[in-house]
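For reference, query-v7.cif is printed below; it contains mmCIF, C-alpha atoms.
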```
data_data
#
loop_
_atom_site.label_atom_id
_atom_site.label_comp_id
_atom_site.auth_asym_id
_atom_site.auth_seq_id
_atom_site.Cartn_x
_atom_site.Cartn_y
_atom_site.Cartn_z
CA MET A 1470 -38.98 -34.69 11.43
CA ASP A 1471 -37.66 -31.50 9.95
CA PHE A 1472 -34.97 -29.43 11.66
CA ARG A 1473 -37.42 -27.05 13.34
CA GLN A 1474 -39.34 -29.90 14.95
CA LYS A 1475 -36.10 -31.51 16.07
CA LEU A 1476 -34.96 -28.19 17.44
CA GLU A 1477 -38.16 -27.82 19.41
CA SER A 1478 -37.99 -31.27 20.94
CA LYS A 1479 -34.30 -30.85 21.79
CA TYR A 1480 -35.00 -27.49 23.36
CA ARG A 1481 -37.81 -29.02 25.39
CA GLU A 1482 -35.46 -31.74 26.62
CA ILE A 1483 -32.75 -29.32 27.62
CA LEU A 1484 -35.18 -26.97 29.36
CA THR A 1485 -36.83 -29.82 31.24
CA ASN A 1486 -33.46 -31.17 32.38
CA TYR A 1487 -32.28 -27.80 33.50
CA LEU A 1488 -35.45 -27.01 35.45
CA ALA A 1489 -35.16 -30.38 37.15
CA ASP A 1490 -31.55 -30.19 38.36
CA ARG A 1491 -30.08 -26.88 37.12
CA SER A 1492 -27.04 -28.75 35.89
CA GLU A 1493 -24.04 -27.36 34.05
CA GLN A 1494 -24.55 -30.15 31.58
CA ALA A 1495 -27.88 -28.71 30.43
CA LEU A 1496 -26.35 -25.27 30.03
CA TYR A 1497 -23.63 -26.76 27.90
CA GLN A 1498 -26.24 -28.54 25.80
CA GLY A 1499 -27.92 -25.17 25.33
CA GLN A 1500 -24.73 -23.69 23.94
CA LYS A 1501 -24.38 -26.56 21.53
CA LEU A 1502 -27.95 -26.13 20.41
CA SER A 1503 -27.44 -22.45 19.66
CA ARG A 1504 -24.45 -23.25 17.48
CA ASN A 1505 -26.54 -25.74 15.52
CA ALA A 1506 -29.38 -23.25 15.17
CA ILE A 1507 -27.00 -20.56 13.91
CA GLU A 1508 -25.64 -22.93 11.30
CA ARG A 1509 -29.17 -23.54 10.08
CA ASN A 1510 -29.98 -19.81 10.01
CA ILE A 1511 -32.61 -19.99 12.74
CA PRO A 1512 -33.30 -16.39 13.81
CA PRO A 1513 -33.21 -15.58 17.55
CA GLU A 1514 -36.90 -14.65 17.71
CA GLU A 1515 -37.79 -18.18 16.72
CA ILE A 1516 -35.95 -19.58 19.71
CA VAL A 1517 -37.80 -17.15 21.96
CA SER A 1518 -41.06 -18.29 20.41
CA ILE A 1519 -40.22 -21.96 21.04
CA HIS A 1520 -39.37 -21.11 24.64
CA ARG A 1521 -42.72 -19.39 25.14
CA ASN A 1522 -44.72 -22.27 23.67
CA ILE A 1523 -42.97 -24.91 25.73
CA MET A 1524 -43.35 -22.91 28.93
CA ALA A 1525 -47.07 -22.46 28.23
CA GLU A 1526 -47.44 -26.19 27.71
CA MET A 1527 -45.42 -27.23 30.74
CA PHE A 1528 -46.90 -24.75 33.18
CA PRO A 1529 -50.40 -23.88 31.95
CA GLU A 1530 -51.33 -22.52 35.39
CA LYS A 1531 -48.25 -20.52 36.30
CA PHE A 1532 -47.43 -19.26 32.84
CA ASN A 1533 -50.43 -17.00 32.64
CA ASP A 1534 -51.64 -14.70 29.88
CA LYS A 1535 -49.72 -11.72 31.12
CA MET A 1536 -46.50 -13.67 31.15
CA GLN A 1537 -47.18 -14.99 27.67
CA GLU A 1538 -47.95 -11.53 26.36
CA SER A 1539 -44.72 -10.20 27.82
CA PHE A 1540 -42.95 -12.46 25.36
CA ASP A 1541 -44.44 -10.49 22.46
CA ILE A 1542 -42.18 -7.60 23.45
CA LEU A 1543 -39.15 -9.83 23.78
CA LEU A 1544 -39.89 -11.33 20.35
CA GLU A 1545 -40.17 -7.90 18.80
CA VAL A 1546 -36.86 -6.86 20.33
CA MET A 1547 -35.12 -9.99 19.11
CA VAL A 1548 -36.27 -9.45 15.52
CA ALA A 1549 -33.74 -6.64 15.06
CA TYR A 1550 -30.98 -8.90 16.35
CA GLY A 1551 -32.04 -11.49 13.82
CA PHE A 1552 -31.76 -8.97 11.00
CA ALA A 1553 -28.36 -7.80 12.16
CA TYR A 1554 -27.19 -11.37 12.34
CA ARG A 1555 -28.40 -12.22 8.85
CA GLU A 1556 -26.77 -9.08 7.52
CA HIS A 1557 -23.53 -10.08 9.15
CA GLN A 1558 -23.74 -13.50 7.52
CA ASN A 1559 -24.34 -11.85 4.19
CA LEU A 1560 -21.34 -9.56 4.56
CA LYS A 1561 -19.18 -12.48 5.50
CA HIS A 1562 -20.27 -14.15 2.32
CA ILE A 1563 -19.54 -11.06 0.21
CA GLN A 1564 -16.18 -10.66 1.89
CA GLN A 1565 -15.28 -14.19 1.02
CA GLU A 1566 -16.23 -13.52 -2.59
CA LEU A 1567 -14.10 -10.38 -2.69
CA ARG A 1568 -11.17 -12.19 -1.17
CA THR A 1569 -11.40 -14.86 -3.83
CA GLU A 1570 -11.57 -12.19 -6.54
CA MET A 1571 -8.52 -10.44 -5.08
CA GLU A 1572 -6.58 -13.67 -5.13
CA ILE A 1573 -7.49 -14.22 -8.75
CA ALA A 1574 -6.57 -10.61 -9.58
CA ALA A 1575 -3.23 -11.02 -7.83
CA ASN A 1576 -2.53 -14.08 -9.95
CA VAL A 1577 -3.54 -12.27 -13.13
CA GLN A 1578 -1.21 -9.46 -12.15
CA LYS A 1579 1.64 -11.88 -11.62
CA THR A 1580 1.10 -13.28 -15.09
CA LEU A 1581 0.64 -9.89 -16.77
CA LEU A 1582 3.61 -8.25 -15.15
CA GLY A 1583 5.82 -11.29 -14.97
CA THR A 1584 9.41 -10.79 -16.02
CA GLU A 1585 12.35 -13.11 -16.15
CA VAL A 1586 15.66 -12.17 -14.64
CA PRO A 1587 18.00 -12.45 -17.61
CA CYS A 1588 21.05 -14.67 -17.63
CA LYS A 1589 23.79 -12.76 -19.40
CA LYS A 1590 27.35 -13.86 -19.72
CA GLY A 1591 29.56 -11.66 -17.58
CA MET A 1592 26.70 -10.43 -15.42
CA ASP A 1593 25.09 -11.54 -12.19
CA ILE A 1594 21.56 -10.27 -11.60
CA GLY A 1595 19.26 -10.74 -8.62
CA ALA A 1596 15.76 -9.39 -7.99
CA ILE A 1597 13.08 -9.65 -5.33
CA SER A 1598 9.70 -7.95 -5.11
CA VAL A 1599 7.25 -8.60 -2.30
CA PRO A 1600 3.87 -6.89 -1.94
CA ALA A 1601 2.71 -5.57 1.45
CA LYS A 1602 -0.83 -6.64 0.57
CA HIS A 1603 -2.30 -8.89 -2.11
CA MET A 1604 -1.45 -6.69 -5.05
CA ASN A 1605 1.98 -5.28 -5.71
CA GLY A 1606 2.28 -1.55 -6.45
CA ASP A 1607 5.98 -2.00 -7.16
CA TYR A 1608 6.99 -3.16 -10.55
CA PHE A 1609 10.16 -4.18 -12.28
CA ASN A 1610 10.82 -5.40 -15.76
CA PHE A 1611 13.87 -6.65 -17.61
CA VAL A 1612 14.28 -6.35 -21.36
CA GLU A 1613 17.13 -7.89 -23.31
CA ASP A 1614 17.91 -5.80 -26.37
CA GLU A 1615 19.38 -6.99 -29.62
CA ASN A 1616 22.49 -4.83 -29.26
CA ASN A 1617 23.75 -6.85 -26.31
CA SER A 1618 22.28 -4.78 -23.55
CA VAL A 1619 19.91 -5.38 -20.65
CA SER A 1620 17.35 -2.77 -19.69
CA ILE A 1621 15.75 -2.59 -16.31
CA ALA A 1622 12.68 -0.62 -15.30
CA ILE A 1623 11.73 -0.28 -11.66
CA ALA A 1624 8.63 1.65 -10.68
CA ASP A 1625 6.42 2.39 -7.72
CA VAL A 1626 2.84 3.56 -8.01
CA ILE A 1627 1.76 5.56 -5.02
CA GLY A 1628 -1.05 4.02 -3.20
CA LYS A 1629 -1.31 0.33 -2.67
CA GLY A 1630 -3.57 -2.52 -3.55
CA LEU A 1631 -5.89 -2.73 -6.51
CA PRO A 1632 -5.76 0.85 -7.91
CA ALA A 1633 -1.97 0.81 -7.92
CA ALA A 1634 -1.89 -2.57 -9.58
CA LEU A 1635 -4.28 -1.50 -12.34
CA CYS A 1636 -2.15 1.54 -12.99
CA MET A 1637 0.94 -0.64 -13.18
CA SER A 1638 -0.58 -2.77 -15.91
CA MET A 1639 -1.18 0.40 -17.93
CA ILE A 1640 2.47 1.36 -17.57
CA LYS A 1641 3.65 -2.06 -18.56
CA TYR A 1642 1.68 -1.99 -21.79
CA ALA A 1643 2.63 1.56 -22.61
CA MET A 1644 6.26 0.54 -22.20
CA ASP A 1645 5.94 -2.63 -24.25
CA SER A 1646 4.35 -0.76 -27.12
CA LEU A 1647 7.21 1.72 -27.48
CA PRO A 1648 9.17 1.09 -30.67
CA GLU A 1649 12.65 -0.33 -30.22
CA ASN A 1650 14.44 2.89 -31.20
CA ARG A 1651 12.61 4.88 -28.55
CA LYS A 1652 13.75 2.74 -25.67
CA THR A 1653 16.54 4.91 -24.36
CA PRO A 1654 16.05 5.77 -20.67
CA THR A 1655 15.11 9.40 -21.21
CA LEU A 1656 12.70 8.69 -24.06
CA VAL A 1657 10.98 5.90 -22.15
CA LEU A 1658 10.38 8.20 -19.19
CA GLU A 1659 9.24 11.09 -21.37
CA ASN A 1660 6.76 8.86 -23.19
CA LEU A 1661 5.40 7.24 -20.07
CA ASN A 1662 5.10 10.64 -18.41
CA ARG A 1663 2.66 11.71 -21.12
CA VAL A 1664 0.63 8.50 -20.76
CA VAL A 1665 0.39 8.84 -17.00
CA GLU A 1666 -0.32 12.56 -17.09
CA GLN A 1667 -3.37 12.01 -19.27
CA ASN A 1668 -4.79 8.95 -17.61
CA VAL A 1669 -4.25 9.01 -13.94
CA ASP A 1670 -6.13 10.52 -11.03
CA LEU A 1671 -4.97 13.87 -9.68
CA THR A 1672 -3.44 12.48 -6.51
CA MET A 1673 -1.84 9.47 -8.11
CA PHE A 1674 1.67 9.41 -9.45
CA ILE A 1675 4.41 7.02 -10.33
CA THR A 1676 8.11 6.97 -9.66
CA MET A 1677 10.31 5.15 -12.12
CA PHE A 1678 13.93 4.40 -12.73
CA TYR A 1679 14.98 3.18 -16.16
CA GLY A 1680 18.47 2.02 -16.96
CA THR A 1681 20.24 0.22 -19.77
CA TYR A 1682 23.39 -1.82 -19.21
CA HIS A 1683 25.55 -2.05 -22.32
CA ILE A 1684 27.45 -5.26 -21.92
CA ASP A 1685 30.01 -4.55 -24.65
CA ASP A 1686 31.47 -1.43 -23.07
CA HIS A 1687 30.05 -1.82 -19.53
CA ILE A 1688 28.36 1.52 -19.49
CA PHE A 1689 25.18 1.84 -17.48
CA SER A 1690 23.02 4.68 -18.76
CA TYR A 1691 19.93 5.66 -16.82
CA ALA A 1692 17.34 8.26 -15.96
CA SER A 1693 15.01 8.68 -13.02
CA ALA A 1694 11.52 10.06 -12.57
CA GLY A 1695 11.54 10.85 -8.86
CA HIS A 1696 12.48 7.32 -7.93
CA GLU A 1697 14.29 6.30 -4.76
CA PRO A 1698 17.98 6.78 -5.63
CA GLY A 1699 19.95 3.69 -6.43
CA LEU A 1700 23.34 2.77 -5.00
CA PHE A 1701 26.63 1.91 -6.57
CA TYR A 1702 29.20 -0.41 -5.08
CA HIS A 1703 32.81 0.17 -6.10
CA ALA A 1704 34.57 -3.16 -5.86
CA GLU A 1705 38.06 -1.69 -5.98
CA THR A 1706 37.61 0.58 -2.98
CA GLN A 1707 34.85 -1.53 -1.38
CA THR A 1708 32.71 1.55 -0.91
CA PHE A 1709 29.14 2.54 -1.70
CA SER A 1710 27.96 5.74 -3.27
CA GLU A 1711 24.58 7.04 -4.35
CA LEU A 1712 23.70 6.84 -8.04
CA PRO A 1713 22.94 10.47 -8.69
CA ALA A 1714 19.70 11.02 -10.59
CA LYS A 1715 17.22 13.85 -10.63
CA GLY A 1716 13.90 14.01 -12.38
CA LEU A 1717 10.26 14.79 -11.70
CA LEU A 1718 7.69 12.09 -10.92
CA LEU A 1719 5.71 10.72 -13.83
CA GLY A 1720 2.32 12.32 -14.33
CA ILE A 1721 2.88 15.79 -12.91
CA GLU A 1722 3.89 17.99 -15.85
CA LYS A 1723 3.06 17.08 -19.40
CA ASN A 1724 6.32 18.06 -21.07
CA THR A 1725 8.86 17.06 -18.49
CA LYS A 1726 12.34 16.39 -19.87
CA TYR A 1727 14.54 13.82 -18.20
CA ARG A 1728 18.29 13.92 -17.92
CA LYS A 1729 20.47 11.02 -18.96
CA TYR A 1730 23.21 9.81 -16.64
CA GLU A 1731 26.03 7.39 -17.35
CA LYS A 1732 28.22 5.28 -15.13
CA GLU A 1733 31.12 3.07 -16.07
CA VAL A 1734 30.99 -0.30 -14.38
CA MET A 1735 34.25 -2.04 -13.46
CA PRO A 1736 34.64 -5.76 -12.68
CA GLY A 1737 32.93 -6.61 -9.39
CA ASP A 1738 30.99 -3.34 -9.25
CA MET A 1739 27.30 -3.48 -8.41
CA ILE A 1740 24.27 -1.39 -9.25
CA ILE A 1741 21.66 -1.59 -6.51
CA LEU A 1742 18.12 -0.45 -7.26
CA MET A 1743 15.19 -0.39 -4.87
CA SER A 1744 11.74 0.93 -4.07
CA ASP A 1745 11.03 3.19 -1.12
CA GLY A 1746 9.64 0.15 0.69
CA VAL A 1747 13.28 -0.68 1.39
CA THR A 1748 14.39 2.66 2.78
CA GLU A 1749 11.07 3.27 4.54
CA SER A 1750 11.38 0.04 6.49
CA ARG A 1751 10.28 0.94 9.97
CA THR A 1752 11.30 -0.80 13.13
CA LYS A 1753 10.23 -0.09 16.69
CA GLU A 1754 13.23 2.20 17.02
CA GLY A 1755 12.40 4.20 13.89
CA PHE A 1756 13.35 4.07 10.25
CA ILE A 1757 16.11 1.85 9.07
CA GLU A 1758 19.13 3.97 8.32
CA ARG A 1759 20.97 3.90 5.04
CA GLU A 1760 24.05 2.61 6.88
CA GLU A 1761 22.13 -0.39 8.19
CA LEU A 1762 21.00 -1.28 4.70
CA LEU A 1763 24.56 -0.96 3.40
CA ALA A 1764 25.82 -3.12 6.24
CA LEU A 1765 23.28 -5.81 5.35
CA ILE A 1766 24.39 -5.78 1.72
CA GLU A 1767 28.04 -5.80 2.71
CA LYS A 1768 27.50 -8.76 5.01
CA ASN A 1769 26.20 -10.78 2.04
CA ILE A 1770 28.42 -9.35 -0.64
CA HIS A 1771 30.35 -12.59 -1.25
CA LEU A 1772 27.11 -14.31 -2.35
CA LYS A 1773 25.37 -14.39 -5.73
CA ALA A 1774 23.20 -11.35 -6.45
CA GLN A 1775 19.98 -13.33 -6.01
CA ASN A 1776 21.08 -14.54 -2.57
CA ILE A 1777 22.07 -11.04 -1.51
CA VAL A 1778 18.64 -9.57 -2.28
CA GLN A 1779 16.89 -12.49 -0.62
CA ASN A 1780 18.97 -12.30 2.53
CA VAL A 1781 18.60 -8.53 2.81
CA TYR A 1782 14.84 -8.92 2.44
CA LYS A 1783 14.69 -11.63 5.10
CA GLU A 1784 16.63 -9.54 7.60
CA LEU A 1785 14.61 -6.39 6.98
CA GLU A 1786 11.39 -8.38 7.25
CA LYS A 1787 12.54 -9.72 10.58
CA LEU A 1788 13.43 -6.22 11.80
CA GLN A 1789 9.88 -5.14 10.97
CA ASP A 1790 8.31 -8.04 12.85
CA PHE A 1791 7.31 -9.62 9.53
CA GLN A 1792 4.79 -6.86 8.86
CA LEU A 1793 5.66 -5.09 5.63
CA ARG A 1794 4.29 -1.57 5.58
CA ASP A 1795 5.05 -0.98 1.96
CA ASP A 1796 5.77 -3.05 -1.12
CA PHE A 1797 9.42 -4.08 -1.20
CA THR A 1798 11.60 -4.37 -4.29
CA LEU A 1799 15.37 -4.79 -4.41
CA ILE A 1800 17.46 -5.47 -7.50
CA ILE A 1801 21.18 -5.98 -7.90
CA LEU A 1802 23.16 -6.01 -11.15
CA ARG A 1803 26.80 -6.98 -10.80
CA ARG A 1804 29.52 -7.11 -13.39
CA ASN A 1805 31.33 -10.36 -12.85
CA VAL A 1806 34.95 -10.14 -11.86
CA LEU A 1807 35.97 -12.40 -14.73
CA SER A 1808 34.35 -10.87 -17.78
CA MET B 196 -2.44 6.10 13.53
CA ASN B 197 -3.79 9.61 13.89
CA ILE B 198 -3.85 12.91 12.13
CA ASN B 199 -4.81 16.44 13.07
CA ILE B 200 -5.90 18.89 10.44
CA ASP B 201 -6.43 22.50 11.31
CA VAL B 202 -7.67 25.01 8.76
CA ASN B 203 -7.54 28.78 9.23
CA HIS B 204 -8.86 31.32 6.77
CA ASN B 205 -6.91 34.51 7.11
CA GLU B 206 -8.21 37.07 4.63
CA ASN B 207 -7.31 35.53 1.26
CA ILE B 208 -4.86 33.04 2.68
CA THR B 209 -5.85 29.52 3.64
CA GLU B 210 -3.52 28.25 6.33
CA VAL B 211 -3.49 24.53 6.95
CA THR B 212 -1.64 22.89 9.82
CA VAL B 213 -1.24 19.15 9.75
CA GLY B 214 0.07 17.01 12.58
CA GLY B 215 0.55 13.29 13.16
CA GLU B 216 1.05 10.61 10.55
CA ILE B 217 0.10 10.84 6.91
CA ASP B 218 -0.10 7.42 5.38
CA VAL B 219 -2.45 5.20 3.42
CA TYR B 220 -4.91 5.20 6.35
CA THR B 221 -5.03 8.91 7.13
CA ALA B 222 -4.46 10.33 3.64
CA PRO B 223 -8.13 9.93 2.59
CA GLU B 224 -9.19 12.19 5.46
CA LEU B 225 -6.60 14.78 4.49
CA LYS B 226 -7.75 14.60 0.89
CA LYS B 227 -11.40 15.02 1.85
CA GLU B 228 -10.63 18.08 3.97
CA LEU B 229 -8.19 19.86 1.71
CA ILE B 230 -9.04 19.12 -1.91
CA PRO B 231 -12.29 21.20 -1.82
CA LEU B 232 -10.31 24.14 -0.43
CA SER B 233 -7.93 23.95 -3.37
CA GLU B 234 -10.69 24.25 -5.93
CA LYS B 235 -11.38 27.95 -5.39
CA ASP B 236 -10.12 30.54 -7.86
CA ASN B 237 -6.93 32.36 -6.90
CA VAL B 238 -6.66 30.49 -3.64
CA GLU B 239 -3.49 31.10 -1.66
CA MET B 240 -2.70 28.05 0.41
CA ILE B 241 0.05 27.52 2.95
CA VAL B 242 0.44 24.08 4.47
CA ASP B 243 2.48 23.67 7.63
CA LEU B 244 3.81 20.14 8.06
CA SER B 245 6.09 20.75 11.04
CA GLY B 246 3.91 18.53 13.23
CA VAL B 247 4.04 15.58 10.86
CA SER B 248 6.07 12.68 12.23
CA TYR B 249 5.65 10.36 9.28
CA MET B 250 4.51 10.66 5.70
CA ASP B 251 4.58 8.04 2.99
CA SER B 252 4.05 8.39 -0.73
CA THR B 253 0.26 8.31 -0.36
CA GLY B 254 0.56 11.55 1.61
CA LEU B 255 2.81 12.98 -1.06
CA GLY B 256 0.05 12.17 -3.54
CA VAL B 257 -2.39 14.37 -1.64
CA PHE B 258 -0.01 17.33 -1.86
CA VAL B 259 0.62 16.70 -5.55
CA GLY B 260 -3.16 16.79 -6.05
CA LEU B 261 -3.48 20.00 -4.04
CA PHE B 262 -0.66 21.61 -5.95
CA LYS B 263 -2.17 20.69 -9.32
CA ASN B 264 -5.60 21.95 -8.30
CA VAL B 265 -4.32 25.23 -6.92
CA ARG B 266 -2.25 25.81 -10.04
CA ALA B 267 -5.23 25.04 -12.28
CA HIS B 268 -7.18 27.73 -10.39
CA ASP B 269 -4.41 30.34 -10.71
CA GLY B 270 -3.64 30.18 -7.05
CA GLN B 271 -0.51 29.89 -4.98
CA PHE B 272 0.64 26.88 -3.02
CA LYS B 273 3.34 26.66 -0.42
CA ILE B 274 4.50 24.04 2.03
CA ILE B 275 6.41 24.97 5.17
CA GLY B 276 7.92 23.21 8.16
CA LEU B 277 9.35 20.16 6.40
CA SER B 278 11.59 17.94 8.47
CA SER B 279 14.81 16.81 6.83
CA ARG B 280 13.25 13.44 6.10
CA LEU B 281 10.24 14.98 4.38
CA LYS B 282 12.43 17.45 2.55
CA ARG B 283 14.39 14.52 1.13
CA LEU B 284 11.11 13.02 -0.11
CA PHE B 285 10.29 16.24 -1.98
CA GLU B 286 13.79 16.45 -3.39
CA ILE B 287 14.03 12.86 -4.61
CA THR B 288 10.68 13.15 -6.36
CA GLY B 289 11.67 16.39 -8.08
CA LEU B 290 8.71 18.12 -6.47
CA ALA B 291 11.00 20.53 -4.63
CA ASP B 292 11.70 22.15 -8.01
CA ILE B 293 8.08 22.91 -8.76
CA ILE B 294 6.47 23.32 -5.35
CA ASP B 295 7.52 26.14 -3.05
CA ILE B 296 8.87 24.41 0.03
CA SER B 297 10.39 26.37 2.82
CA THR B 298 12.25 24.60 5.56
CA LYS B 299 12.08 27.39 8.07
CA MET B 300 9.21 28.83 10.01
CA GLU B 301 8.77 30.34 13.42
CA GLY B 302 8.27 27.94 16.28
CA GLU B 303 9.28 24.91 14.27
CA LYS B 304 8.89 21.71 16.19
CA LYS B 305 11.69 19.23 16.43
#
```
Render the structure in this file as structure tokens.
Amino acid sequence: MDFRQKLESKYREILTNYLADRSEQALYQGQKLSRNAIERNIPPEEIVSIHRNIMAEMFPEKFNDKMQESFDILLEVMVAYGFAYREHQNLKHIQQELRTEMEIAANVQKTLLGTEVPCKKGMDIGAISVPAKHMNGDYFNFVEDENNSVSIAIADVIGKGLPAALCMSMIKYAMDSLPENRKTPTLVLENLNRVVEQNVDLTMFITMFYGTYHIDDHIFSYASAGHEPGLFYHAETQTFSELPAKGLLLGIEKNTKYRKYEKEVMPGDMIILMSDGVTESRTKEGFIEREELLALIEKNIHLKAQNIVQNVYKELEKLQDFQLRDDFTLIILRRNVLS
Amino acid sequence: MNINIDVNHNENITEVTVGGEIDVYTAPELKKELIPLSEKDNVEMIVDLSGVSYMDSTGLGVFVGLFKNVRAHDGQFKIIGLSSRLKRLFEITGLADIIDISTKMEGEKK
């Protein structure tokens, strides 16, 4: 017996039972049957047709021609429901495919944009970057240079998801292909600005902060293209200040020049870099204030840099009910006290 | 999650009033409404954002696009009614130096 024949005989059984005693049990059986039929892609009009045939067989006298013909209308009406249902199934299938593709793309992105937090004598570095959706529009990259320095790039592509991620890959490769002698903060930004200006959609832009920490003399030189300002922690006075930096977003004006800034880093001092996902953290009461962020960092300041960024992330995530609205990136570079 | 966009053509000046939230969900609507207006020659556009309670970088992207379009068509572009939070966004991104942003206007909402 194929499934349709089985379905018909089961339907007959249920209908007969129900007409005999109108039991809940039969109704329940009916529900079960419909689930089975749905799994086997039986359209609703077919069920109606089975119902009509069985009724005609069981009650040849009472189920007269007029009643039978009335079912033609019902069948016709159900056909559209059948189509809608099949379409829905199809979409579900496509959605599943897309989801799988997104997961693969997210993994590819992780591999492409992967960067290792460097271990440098005398320095303590921590970094965390969490996407709000599958794909991360935030990006950070560490480069260890031959002349005993560590460079850090942190960027945010506006927009989220796939377009932002694709754009990020472009940036990463543009940056990697710059010759070694052009990797000063201002030159990196000026070069990338030209790449982005030529290639990116009108309403898309990128913010980026690029800094180089010279370990020999503990000078941090940096430049910013419209990026969320970083913070500086002065160990001696135990105070925070903003890392001043001005500069236009990447991709707006072709020949933008960027200004170079320098900061001397004393033992215990910290450079704190972030994306706007950190400062735009929103709670039920409103935006998180700068002071709250500083308090969170201060609370964890005795820990290693990696633990500080992780703890700050966890607390901010909790404050937002675990629903990130924007990609979140937080990086801390600290000069060790004994160095 | 809502946005109101009101467009008024006053002689040669296109006045746009935006209210609500501009984020990744509402920005496409804003883009659809306003980008075509910015593609006319010598357009003079004033955008009032005093009714905007929240804007993220996606929203900023729409205004960057508008600004670029208007400039490419020899027009003028101005944004008014920025809250201190939005003003900070324009300042950090360096856009305040190239886009005319005025913090004051009559009847500014808190």
Please measure the separation of atom CA of A:His1683 and atom CA of A:Asn1617, giving the value in Å to one decimal.
-> 6.5 Å
Give the residues of chain A that lie within 12 Å of chain B; count all atoms listed in the file, and format the answer as a PyMOL selection string.
-> chain A and resi 1606+1625-1630+1633+1666+1669-1678+1693-1699+1712-1723+1725-1727+1744-1746+1748-1751+1755-1756+1758+1794-1796
Please write the residues picked by the PyMOL selection byres ((chain B and resi 197-209) around 12) on this file as number ranges by chain.
-> B: 196, 210-229, 231-250, 254, 265, 270-274
Report the residues retrieved by the PyMOL selection byres ((chain A and resi 1654) around 10) from the displayed file, expressed as an mmCIF file with C-alpha atoms, in the frame of the given file.
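Written output follows (result-v8.cif):
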```cif
data_model
loop_
_atom_site.group_PDB
_atom_site.id
_atom_site.type_symbol
_atom_site.label_atom_id
_atom_site.label_comp_id
_atom_site.auth_asym_id
_atom_site.auth_seq_id
_atom_site.Cartn_x
_atom_site.Cartn_y
_atom_site.Cartn_z
ATOM 1 C CA SER A 1620 17.350 -2.770 -19.690
ATOM 2 C CA ILE A 1621 15.750 -2.590 -16.310
ATOM 3 C CA ALA A 1622 12.680 -0.620 -15.300
ATOM 4 C CA ARG A 1651 12.610 4.880 -28.550
ATOM 5 C CA LYS A 1652 13.750 2.740 -25.670
ATOM 6 C CA THR A 1653 16.540 4.910 -24.360
ATOM 7 C CA THR A 1655 15.110 9.400 -21.210
ATOM 8 C CA LEU A 1656 12.700 8.690 -24.060
ATOM 9 C CA VAL A 1657 10.980 5.900 -22.150
ATOM 10 C CA LEU A 1658 10.380 8.200 -19.190
ATOM 11 C CA GLU A 1659 9.240 11.090 -21.370
ATOM 12 C CA PHE A 1678 13.930 4.400 -12.730
ATOM 13 C CA TYR A 1679 14.980 3.180 -16.160
ATOM 14 C CA GLY A 1680 18.470 2.020 -16.960
ATOM 15 C CA THR A 1681 20.240 0.220 -19.770
ATOM 16 C CA SER A 1690 23.020 4.680 -18.760
ATOM 17 C CA TYR A 1691 19.930 5.660 -16.820
ATOM 18 C CA ALA A 1692 17.340 8.260 -15.960
ATOM 19 C CA SER A 1693 15.010 8.680 -13.020
ATOM 20 C CA TYR A 1727 14.540 13.820 -18.200
ATOM 21 C CA ARG A 1728 18.290 13.920 -17.920
ATOM 22 C CA LYS A 1729 20.470 11.020 -18.960
ATOM 23 C CA TYR A 1730 23.210 9.810 -16.640
#
```
Measure the distance from atom CA of A:Ala1774 to atom CA of A:Thr1798 in Å and round it to one decimal.
-> 13.7 Å
Straight-line distance linking atom CA of A:Glu1733 with atom CA of A:Ile1688, stated in Å to one decimal |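 Separation between atom CA of A:Glu1733 and atom CA of A:Ile1688: 4.7 Å.
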Can you pull out every residue within 10 Å of stretch 1642-1650 of chain A, counting all atoms listed in the file, but drop anything in the same chain fewer than 5 positions away, and send it as a ChimeraX atom specification?
-> /A:1581-1582,1610,1612,1614-1615,1622,1637,1656-1658,1660-1661,1664-1665
For the structure shown, which residues end up in the PyMOL selection byres ((chain A and resi 1762) around 10)? Put them as a ChimeraX atom specification, please?
-> /A:1747-1748,1750,1757-1761,1763-1768,1781,1784-1785
